[in-house]
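J.: Contents of structure_29.csv (CSV, C-alpha atoms):
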chain,number,residue,atom,x,y,z
A,744,MET,CA,2.1,40.0,18.3
A,745,TYR,CA,3.9,40.3,14.9
A,746,ASN,CA,6.0,37.3,15.7
A,747,TYR,CA,3.0,35.1,16.5
A,748,THR,CA,1.4,36.1,13.2
A,749,LYS,CA,4.6,35.2,11.3
A,750,LEU,CA,4.8,31.9,13.2
A,751,PHE,CA,1.1,31.1,12.5
A,752,THR,CA,1.5,31.9,8.8
A,753,PHE,CA,4.6,29.8,8.5
A,754,LEU,CA,3.0,26.8,10.2
A,755,SER,CA,-0.1,27.1,8.1
A,756,LEU,CA,1.9,27.1,4.9
A,757,LEU,CA,3.9,24.2,6.1
A,758,ILE,CA,0.8,22.1,6.8
A,759,LEU,CA,-0.8,23.1,3.5
A,760,SER,CA,2.3,22.4,1.5
A,761,LYS,CA,2.6,18.9,3.1
A,762,ALA,CA,-1.0,18.2,2.1
A,763,GLY,CA,-0.3,19.5,-1.4
A,764,PHE,CA,2.4,16.9,-2.0
A,765,ALA,CA,0.3,13.8,-1.4
A,766,GLU,CA,0.1,11.6,-4.5
A,767,THR,CA,-2.5,9.2,-5.8
A,768,ILE,CA,-1.4,6.0,-7.5
A,769,GLN,CA,-3.8,3.9,-9.5
A,770,ILE,CA,-3.5,0.1,-9.6
A,771,GLU,CA,-5.6,-2.0,-12.0
A,772,PHE,CA,-6.8,-5.6,-11.6
A,773,THR,CA,-5.3,-7.2,-14.8
A,774,GLU,CA,-6.6,-10.0,-16.9
A,775,ASP,CA,-3.5,-12.1,-15.8
A,776,ASP,CA,-4.9,-12.3,-12.2
A,777,ALA,CA,-2.4,-9.8,-11.0
A,778,TYR,CA,-2.2,-6.2,-10.0
A,779,SER,CA,-0.7,-3.7,-12.5
A,780,ILE,CA,1.7,-2.4,-9.8
A,781,GLN,CA,2.8,-5.3,-7.5
A,782,VAL,CA,5.1,-3.2,-5.2
A,783,ALA,CA,4.2,0.4,-4.6
A,784,HIS,CA,6.5,2.7,-2.7
A,785,ILE,CA,4.6,5.7,-1.3
A,786,ASN,CA,4.7,8.3,1.4
A,787,ALA,CA,2.4,8.6,4.4
A,788,GLY,CA,-0.6,10.5,3.3
A,789,ASP,CA,-0.6,9.2,-0.2
A,790,THR,CA,-3.6,7.5,-1.7
A,791,ILE,CA,-3.9,4.3,-3.8
A,792,GLU,CA,-6.9,3.6,-6.0
A,793,TRP,CA,-7.5,0.0,-7.1
A,794,LEU,CA,-9.5,-0.1,-10.4
A,795,PRO,CA,-11.4,-3.2,-11.6
A,796,LYS,CA,-10.3,-3.4,-15.2
A,797,ASN,CA,-10.9,-7.2,-15.1
A,798,GLU,CA,-13.8,-9.0,-13.3
A,799,GLY,CA,-13.7,-11.3,-10.3
A,800,HIS,CA,-11.2,-9.5,-8.1
A,801,ASN,CA,-11.0,-7.3,-5.0
A,802,VAL,CA,-8.5,-6.0,-2.4
A,803,GLU,CA,-8.1,-7.6,1.0
A,804,PHE,CA,-5.4,-6.6,3.4
A,805,PHE,CA,-3.6,-9.6,5.1
A,806,GLY,CA,-1.0,-7.7,7.0
A,807,GLY,CA,0.2,-4.2,7.9
A,808,PRO,CA,1.9,-2.1,10.6
A,809,ASP,CA,-1.1,-2.0,12.8
A,810,MET,CA,-3.5,-4.9,12.4
A,811,SER,CA,-6.2,-3.2,14.5
A,812,SER,CA,-6.6,-0.4,11.9
A,813,MET,CA,-6.3,-2.3,8.6
A,814,PRO,CA,-8.2,-0.9,5.6
A,815,PRO,CA,-11.5,-2.7,4.9
A,816,THR,CA,-11.8,-5.4,2.3
A,817,SER,CA,-13.3,-4.1,-1.0
A,818,GLU,CA,-16.3,-5.4,-2.7
A,819,MET,CA,-15.8,-7.6,-5.8
A,820,ASP,CA,-15.3,-5.7,-9.0
A,821,GLU,CA,-15.6,-2.3,-7.3
A,822,PRO,CA,-13.0,0.5,-7.1
A,823,HIS,CA,-11.3,0.8,-3.8
A,824,THR,CA,-9.5,3.8,-2.3
A,825,VAL,CA,-7.2,3.9,0.7
A,826,VAL,CA,-5.2,6.8,2.2
A,827,PHE,CA,-2.1,5.3,3.9
A,828,LYS,CA,-1.3,7.1,7.2
A,829,ALA,CA,0.9,4.6,9.1
A,830,SER,CA,4.5,3.8,7.9
A,831,GLY,CA,5.4,0.2,7.2
A,832,ILE,CA,4.6,-2.7,4.9
A,833,TYR,CA,1.1,-3.6,3.8
A,834,LEU,CA,0.4,-6.9,2.2
A,835,TYR,CA,-2.8,-7.2,0.2
A,836,GLY,CA,-4.3,-9.6,-2.3
A,837,CYS,CA,-7.4,-10.7,-4.1
A,838,THR,CA,-9.5,-12.8,-1.6
A,839,PRO,CA,-10.3,-15.7,-4.0
A,840,HIS,CA,-6.9,-15.6,-5.8
A,841,ALA,CA,-4.3,-14.8,-3.1
A,842,ASP,CA,-3.2,-18.4,-2.8
A,843,MET,CA,-2.7,-18.4,-6.6
A,844,GLY,CA,-0.3,-15.5,-6.2
A,845,MET,CA,-2.5,-12.4,-6.8
A,846,LEU,CA,-0.7,-10.4,-4.1
A,847,GLY,CA,0.7,-6.9,-3.8
A,848,LEU,CA,2.8,-4.8,-1.4
A,849,VAL,CA,2.5,-1.2,-0.3
A,850,ILE,CA,5.7,0.2,1.3
A,851,VAL,CA,4.9,3.4,3.2
A,852,ASP,CA,7.9,5.7,3.9
A,853,ASN,CA,10.4,2.9,3.0
A,854,ASP,CA,9.7,1.5,6.5
A,855,PHE,CA,10.3,-2.2,6.8
A,856,HIS,CA,9.8,-2.4,10.6
A,857,ASN,CA,7.1,-5.1,10.3
A,858,LEU,CA,8.9,-7.2,7.7
A,859,ASN,CA,9.1,-10.3,9.9
A,860,ALA,CA,5.4,-10.2,10.7
A,861,ILE,CA,4.7,-10.0,6.9
A,862,LYS,CA,7.0,-12.9,6.2
A,863,LYS,CA,5.0,-15.1,8.7
A,864,ILE,CA,1.6,-14.7,6.9
A,865,GLN,CA,0.5,-18.1,5.6
A,866,PHE,CA,-0.4,-18.8,2.0
A,867,SER,CA,-0.2,-21.8,-0.3
A,868,ARG,CA,3.1,-22.7,-1.8
A,869,VAL,CA,2.4,-20.5,-4.8
A,870,GLY,CA,1.3,-17.6,-2.7
A,871,ARG,CA,4.4,-17.9,-0.5
A,872,SER,CA,6.7,-18.0,-3.5
A,873,VAL,CA,5.0,-14.8,-4.9
A,874,LEU,CA,5.3,-13.1,-1.5
A,875,GLN,CA,9.0,-13.9,-1.3
A,876,ARG,CA,9.5,-12.5,-4.8
A,877,LEU,CA,7.6,-9.3,-4.0
A,878,LEU,CA,9.6,-8.8,-0.8
A,879,LYS,CA,12.8,-9.2,-2.7
A,880,ILE,CA,11.7,-6.6,-5.3
A,881,ALA,CA,10.7,-4.2,-2.5
A,882,GLN,CA,14.0,-4.5,-0.7
A,883,THR,CA,16.0,-4.3,-3.9
A,884,SER,CA,14.2,-1.2,-5.1
A,885,LEU,CA,14.9,0.4,-1.7
A,886,SER,CA,18.7,-0.2,-2.0
A,887,LEU,CA,18.6,1.4,-5.5
A,888,LYS,CA,17.3,4.7,-4.0
When written as structure tokens, how does the structure in this file appear?
T.:
Amino acid sequence: MYNYTKLFTFLSLLILSKAGFAETIQIEFTEDDAYSIQVAHINAGDTIEWLPKNEGHNVEFFGGPDMSSMPPTSEMDEPHTVVFKASGIYLYGCTPHADMGMLGLVIVDNDFHNLNAIKKIQFSRVGRSVLQRLLKIAQTSLSLK
């Protein structure tokens, strides 16, 4: 019985300590029609809050590791909060400004398994150029870790 109590205590502490390490990152909509953090590297369980510091923007997810469970599109000019549970690359942007390059990436657990699917998402020439730049930044920052 004593061993079960020790095991239960250990597992409880492990679960609680894992939850205690989750982080929250805040990303603002800037006046330059961009996001204040364009490539965010986070861990599963972390939260991102998008904050409308400039009007006329939102957050829409265009791709991710599991398209059937993508976060919902935010309302215009409203804060938006997402807890990321699945590992992989998430591509998001501002619905009216994505083709003008207002895009961002969230890389969860440094997992690039869905990179090819993200590369295939269609945008205007400007949007494609920005996406290529963001993917290069994401992969470069990964190699520096």
J.: Between atom CA of Ile832 of chain A and atom CA of Asn786 of chain A, what is the distance, to one decimal in Å?
T.: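 One can read the atom CA of Ile832 of chain A to atom CA of Asn786 of chain A distance as 11.5 Å.
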J.: Atom CA of Ile780 of chain A to atom CA of Val802 of chain A: how many Å, to one decimal?
T.: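 Taking atom CA of Ile780 of chain A as the start and atom CA of Val802 of chain A as the end point, the length is 13.1 Å.
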J.: Can you measure atom CA of Ile880 of chain A to atom CA of Val782 of chain A for me? One decimal in Å is fine.
T.: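 Between atom CA of Ile880 of chain A and atom CA of Val782 of chain A the gap is 7.4 Å.
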J.: Counting all atoms listed in the file, find residues at most 7 Å from (0.1, -3.7, 0.6) (file frame) and give them as a ChimeraX atom specification.
T.: /A:804,832-835,847-850
J.: Let me make sure I understand: among A:Asp852, A:Glu766, A:Glu818, A:Glu792, which one has the smallest atom-to-atom distance to Tyr778 of chain A if we use only C-alpha atoms?
T.: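 Checking each candidate against Tyr778 of chain A, we get A:Glu792 as the closest.
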J.: In terms of the shortest atom-to-atom distance over only C-alpha atoms, which of A:Asn859, A:Ser779, A:Leu846, A:Phe827 is closest to Arg876 of chain A?
T.: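 Using only C-alpha atoms, Arg876 of chain A sits closest to A:Leu846.
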J.: Which of these residues is nearest to Leu794 of chain A, using all atoms listed in the file: A:Pro822, A:Pro839, A:Gly831, A:Pro808?
T.: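 Smallest distance to Leu794 of chain A is found for A:Pro822.
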J.: Looking at all atoms listed in the file, which of A:Ala777, A:Ile770, A:Ala829, A:Val873 is the one that sits closest to His856 of chain A?
T.: A:Ala829
J.: Would you mind listing what lies within 10 Å of Thr824 of chain A as an mmCIF file with C-alpha atoms, in the coordinates of the input, with all atoms listed in the file counted and same-chain residues fewer than 3 positions away left out?
T.:
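After the write, selection.cif holds the following:
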data_model
loop_
_atom_site.group_PDB
_atom_site.id
_atom_site.type_symbol
_atom_site.label_atom_id
_atom_site.label_comp_id
_atom_site.auth_asym_id
_atom_site.auth_seq_id
_atom_site.Cartn_x
_atom_site.Cartn_y
_atom_site.Cartn_z
ATOM 1 C CA THR A 767 -2.500 9.200 -5.800
ATOM 2 C CA ILE A 768 -1.400 6.000 -7.500
ATOM 3 C CA GLN A 769 -3.800 3.900 -9.500
ATOM 4 C CA THR A 790 -3.600 7.500 -1.700
ATOM 5 C CA ILE A 791 -3.900 4.300 -3.800
ATOM 6 C CA GLU A 792 -6.900 3.600 -6.000
ATOM 7 C CA TRP A 793 -7.500 0.000 -7.100
ATOM 8 C CA LEU A 794 -9.500 -0.100 -10.400
ATOM 9 C CA VAL A 802 -8.500 -6.000 -2.400
ATOM 10 C CA PRO A 814 -8.200 -0.900 5.600
ATOM 11 C CA PRO A 815 -11.500 -2.700 4.900
ATOM 12 C CA SER A 817 -13.300 -4.100 -1.000
ATOM 13 C CA GLU A 821 -15.600 -2.300 -7.300
ATOM 14 C CA PHE A 827 -2.100 5.300 3.900
#
J.: Some atoms are missing, so please complete segment 775-807 of chain A with N, CA and C atoms and return it as a PDB file, in the frame of the given file.
T.:
ATOM      1  N   ASP A 775      -4.454 -11.021 -16.155  1.00  0.00           N
ATOM      2  CA  ASP A 775      -3.500 -12.100 -15.800  1.00  0.00           C
ATOM      3  C   ASP A 775      -3.643 -12.481 -14.324  1.00  0.00           C
ATOM      4  N   ASP A 776      -4.746 -12.091 -13.663  1.00  0.00           N
ATOM      5  CA  ASP A 776      -4.900 -12.300 -12.200  1.00  0.00           C
ATOM      6  C   ASP A 776      -3.730 -11.763 -11.437  1.00  0.00           C
ATOM      7  N   ALA A 777      -3.438 -10.509 -11.694  1.00  0.00           N
ATOM      8  CA  ALA A 777      -2.400  -9.800 -11.000  1.00  0.00           C
ATOM      9  C   ALA A 777      -2.786  -8.338 -10.844  1.00  0.00           C
ATOM     10  N   TYR A 778      -1.972  -7.592 -10.138  1.00  0.00           N
ATOM     11  CA  TYR A 778      -2.200  -6.200 -10.000  1.00  0.00           C
ATOM     12  C   TYR A 778      -1.161  -5.465 -10.923  1.00  0.00           C
ATOM     13  N   SER A 779      -1.549  -4.361 -11.538  1.00  0.00           N
ATOM     14  CA  SER A 779      -0.700  -3.700 -12.500  1.00  0.00           C
ATOM     15  C   SER A 779       0.596  -3.145 -11.848  1.00  0.00           C
ATOM     16  N   ILE A 780       0.539  -2.809 -10.572  1.00  0.00           N
ATOM     17  CA  ILE A 780       1.700  -2.400  -9.800  1.00  0.00           C
ATOM     18  C   ILE A 780       1.739  -3.397  -8.603  1.00  0.00           C
ATOM     19  N   GLN A 781       2.748  -4.255  -8.543  1.00  0.00           N
ATOM     20  CA  GLN A 781       2.800  -5.300  -7.500  1.00  0.00           C
ATOM     21  C   GLN A 781       3.473  -4.758  -6.216  1.00  0.00           C
ATOM     22  N   VAL A 782       4.422  -3.836  -6.368  1.00  0.00           N
ATOM     23  CA  VAL A 782       5.100  -3.200  -5.200  1.00  0.00           C
ATOM     24  C   VAL A 782       5.059  -1.734  -5.385  1.00  0.00           C
ATOM     25  N   ALA A 783       4.318  -1.076  -4.509  1.00  0.00           N
ATOM     26  CA  ALA A 783       4.200   0.400  -4.600  1.00  0.00           C
ATOM     27  C   ALA A 783       4.918   1.005  -3.394  1.00  0.00           C
ATOM     28  N   HIS A 784       5.839   1.899  -3.685  1.00  0.00           N
ATOM     29  CA  HIS A 784       6.500   2.700  -2.700  1.00  0.00           C
ATOM     30  C   HIS A 784       5.864   4.045  -2.605  1.00  0.00           C
ATOM     31  N   ILE A 785       5.307   4.389  -1.445  1.00  0.00           N
ATOM     32  CA  ILE A 785       4.600   5.700  -1.300  1.00  0.00           C
ATOM     33  C   ILE A 785       5.014   6.337  -0.002  1.00  0.00           C
ATOM     34  N   ASN A 786       4.528   7.550   0.190  1.00  0.00           N
ATOM     35  CA  ASN A 786       4.700   8.300   1.400  1.00  0.00           C
ATOM     36  C   ASN A 786       3.462   8.290   2.246  1.00  0.00           C
ATOM     37  N   ALA A 787       3.602   8.454   3.557  1.00  0.00           N
ATOM     38  CA  ALA A 787       2.400   8.600   4.400  1.00  0.00           C
ATOM     39  C   ALA A 787       1.574   9.741   3.903  1.00  0.00           C
ATOM     40  N   GLY A 788       0.273   9.514   3.839  1.00  0.00           N
ATOM     41  CA  GLY A 788      -0.600  10.500   3.300  1.00  0.00           C
ATOM     42  C   GLY A 788      -1.009  10.323   1.863  1.00  0.00           C
ATOM     43  N   ASP A 789      -0.253   9.461   1.161  1.00  0.00           N
ATOM     44  CA  ASP A 789      -0.600   9.200  -0.200  1.00  0.00           C
ATOM     45  C   ASP A 789      -1.771   8.241  -0.325  1.00  0.00           C
ATOM     46  N   THR A 790      -2.391   8.233  -1.497  1.00  0.00           N
ATOM     47  CA  THR A 790      -3.600   7.500  -1.700  1.00  0.00           C
ATOM     48  C   THR A 790      -3.333   6.434  -2.842  1.00  0.00           C
ATOM     49  N   ILE A 791      -3.901   5.251  -2.684  1.00  0.00           N
ATOM     50  CA  ILE A 791      -3.900   4.300  -3.800  1.00  0.00           C
ATOM     51  C   ILE A 791      -5.338   3.969  -4.126  1.00  0.00           C
ATOM     52  N   GLU A 792      -5.610   3.986  -5.424  1.00  0.00           N
ATOM     53  CA  GLU A 792      -6.900   3.600  -6.000  1.00  0.00           C
ATOM     54  C   GLU A 792      -6.747   2.320  -6.743  1.00  0.00           C
ATOM     55  N   TRP A 793      -7.508   1.294  -6.377  1.00  0.00           N
ATOM     56  CA  TRP A 793      -7.500   0.000  -7.100  1.00  0.00           C
ATOM     57  C   TRP A 793      -8.706   0.100  -8.083  1.00  0.00           C
ATOM     58  N   LEU A 794      -8.448  -0.196  -9.339  1.00  0.00           N
ATOM     59  CA  LEU A 794      -9.500  -0.100 -10.400  1.00  0.00           C
ATOM     60  C   LEU A 794      -9.764  -1.423 -11.009  1.00  0.00           C
ATOM     61  N   PRO A 795     -11.021  -1.842 -11.046  1.00  0.00           N
ATOM     62  CA  PRO A 795     -11.400  -3.200 -11.600  1.00  0.00           C
ATOM     63  C   PRO A 795     -11.462  -3.145 -13.120  1.00  0.00           C
ATOM     64  N   LYS A 796     -10.315  -3.333 -13.766  1.00  0.00           N
ATOM     65  CA  LYS A 796     -10.300  -3.400 -15.200  1.00  0.00           C
ATOM     66  C   LYS A 796     -10.575  -4.831 -15.707  1.00  0.00           C
ATOM     67  N   ASN A 797     -10.648  -5.764 -14.767  1.00  0.00           N
ATOM     68  CA  ASN A 797     -10.900  -7.200 -15.100  1.00  0.00           C
ATOM     69  C   ASN A 797     -11.844  -7.681 -13.955  1.00  0.00           C
ATOM     70  N   GLU A 798     -12.801  -8.510 -14.280  1.00  0.00           N
ATOM     71  CA  GLU A 798     -13.800  -9.000 -13.300  1.00  0.00           C
ATOM     72  C   GLU A 798     -13.279 -10.102 -12.413  1.00  0.00           C
ATOM     73  N   GLY A 799     -13.923 -10.214 -11.245  1.00  0.00           N
ATOM     74  CA  GLY A 799     -13.700 -11.300 -10.300  1.00  0.00           C
ATOM     75  C   GLY A 799     -12.590 -11.064  -9.307  1.00  0.00           C
ATOM     76  N   HIS A 800     -12.266  -9.781  -9.063  1.00  0.00           N
ATOM     77  CA  HIS A 800     -11.200  -9.500  -8.100  1.00  0.00           C
ATOM     78  C   HIS A 800     -11.592  -8.406  -7.121  1.00  0.00           C
ATOM     79  N   ASN A 801     -10.830  -8.350  -6.038  1.00  0.00           N
ATOM     80  CA  ASN A 801     -11.000  -7.300  -5.000  1.00  0.00           C
ATOM     81  C   ASN A 801      -9.695  -7.083  -4.317  1.00  0.00           C
ATOM     82  N   VAL A 802      -9.737  -6.355  -3.203  1.00  0.00           N
ATOM     83  CA  VAL A 802      -8.500  -6.000  -2.400  1.00  0.00           C
ATOM     84  C   VAL A 802      -8.850  -6.382  -0.954  1.00  0.00           C
ATOM     85  N   GLU A 803      -8.048  -7.287  -0.394  1.00  0.00           N
ATOM     86  CA  GLU A 803      -8.100  -7.600   1.000  1.00  0.00           C
ATOM     87  C   GLU A 803      -6.749  -7.477   1.629  1.00  0.00           C
ATOM     88  N   PHE A 804      -6.651  -6.817   2.780  1.00  0.00           N
ATOM     89  CA  PHE A 804      -5.400  -6.600   3.400  1.00  0.00           C
ATOM     90  C   PHE A 804      -5.122  -7.783   4.418  1.00  0.00           C
ATOM     91  N   PHE A 805      -3.961  -8.440   4.262  1.00  0.00           N
ATOM     92  CA  PHE A 805      -3.600  -9.600   5.100  1.00  0.00           C
ATOM     93  C   PHE A 805      -2.615  -9.215   6.198  1.00  0.00           C
ATOM     94  N   GLY A 806      -1.933  -8.089   6.042  1.00  0.00           N
ATOM     95  CA  GLY A 806      -1.000  -7.700   7.000  1.00  0.00           C
ATOM     96  C   GLY A 806      -0.602  -6.216   6.854  1.00  0.00           C
ATOM     97  N   GLY A 807      -0.164  -5.616   7.948  1.00  0.00           N
ATOM     98  CA  GLY A 807       0.200  -4.200   7.900  1.00  0.00           C
ATOM     99  C   GLY A 807       0.880  -3.828   9.227  1.00  0.00           C
TER     100      GLY A 807
END
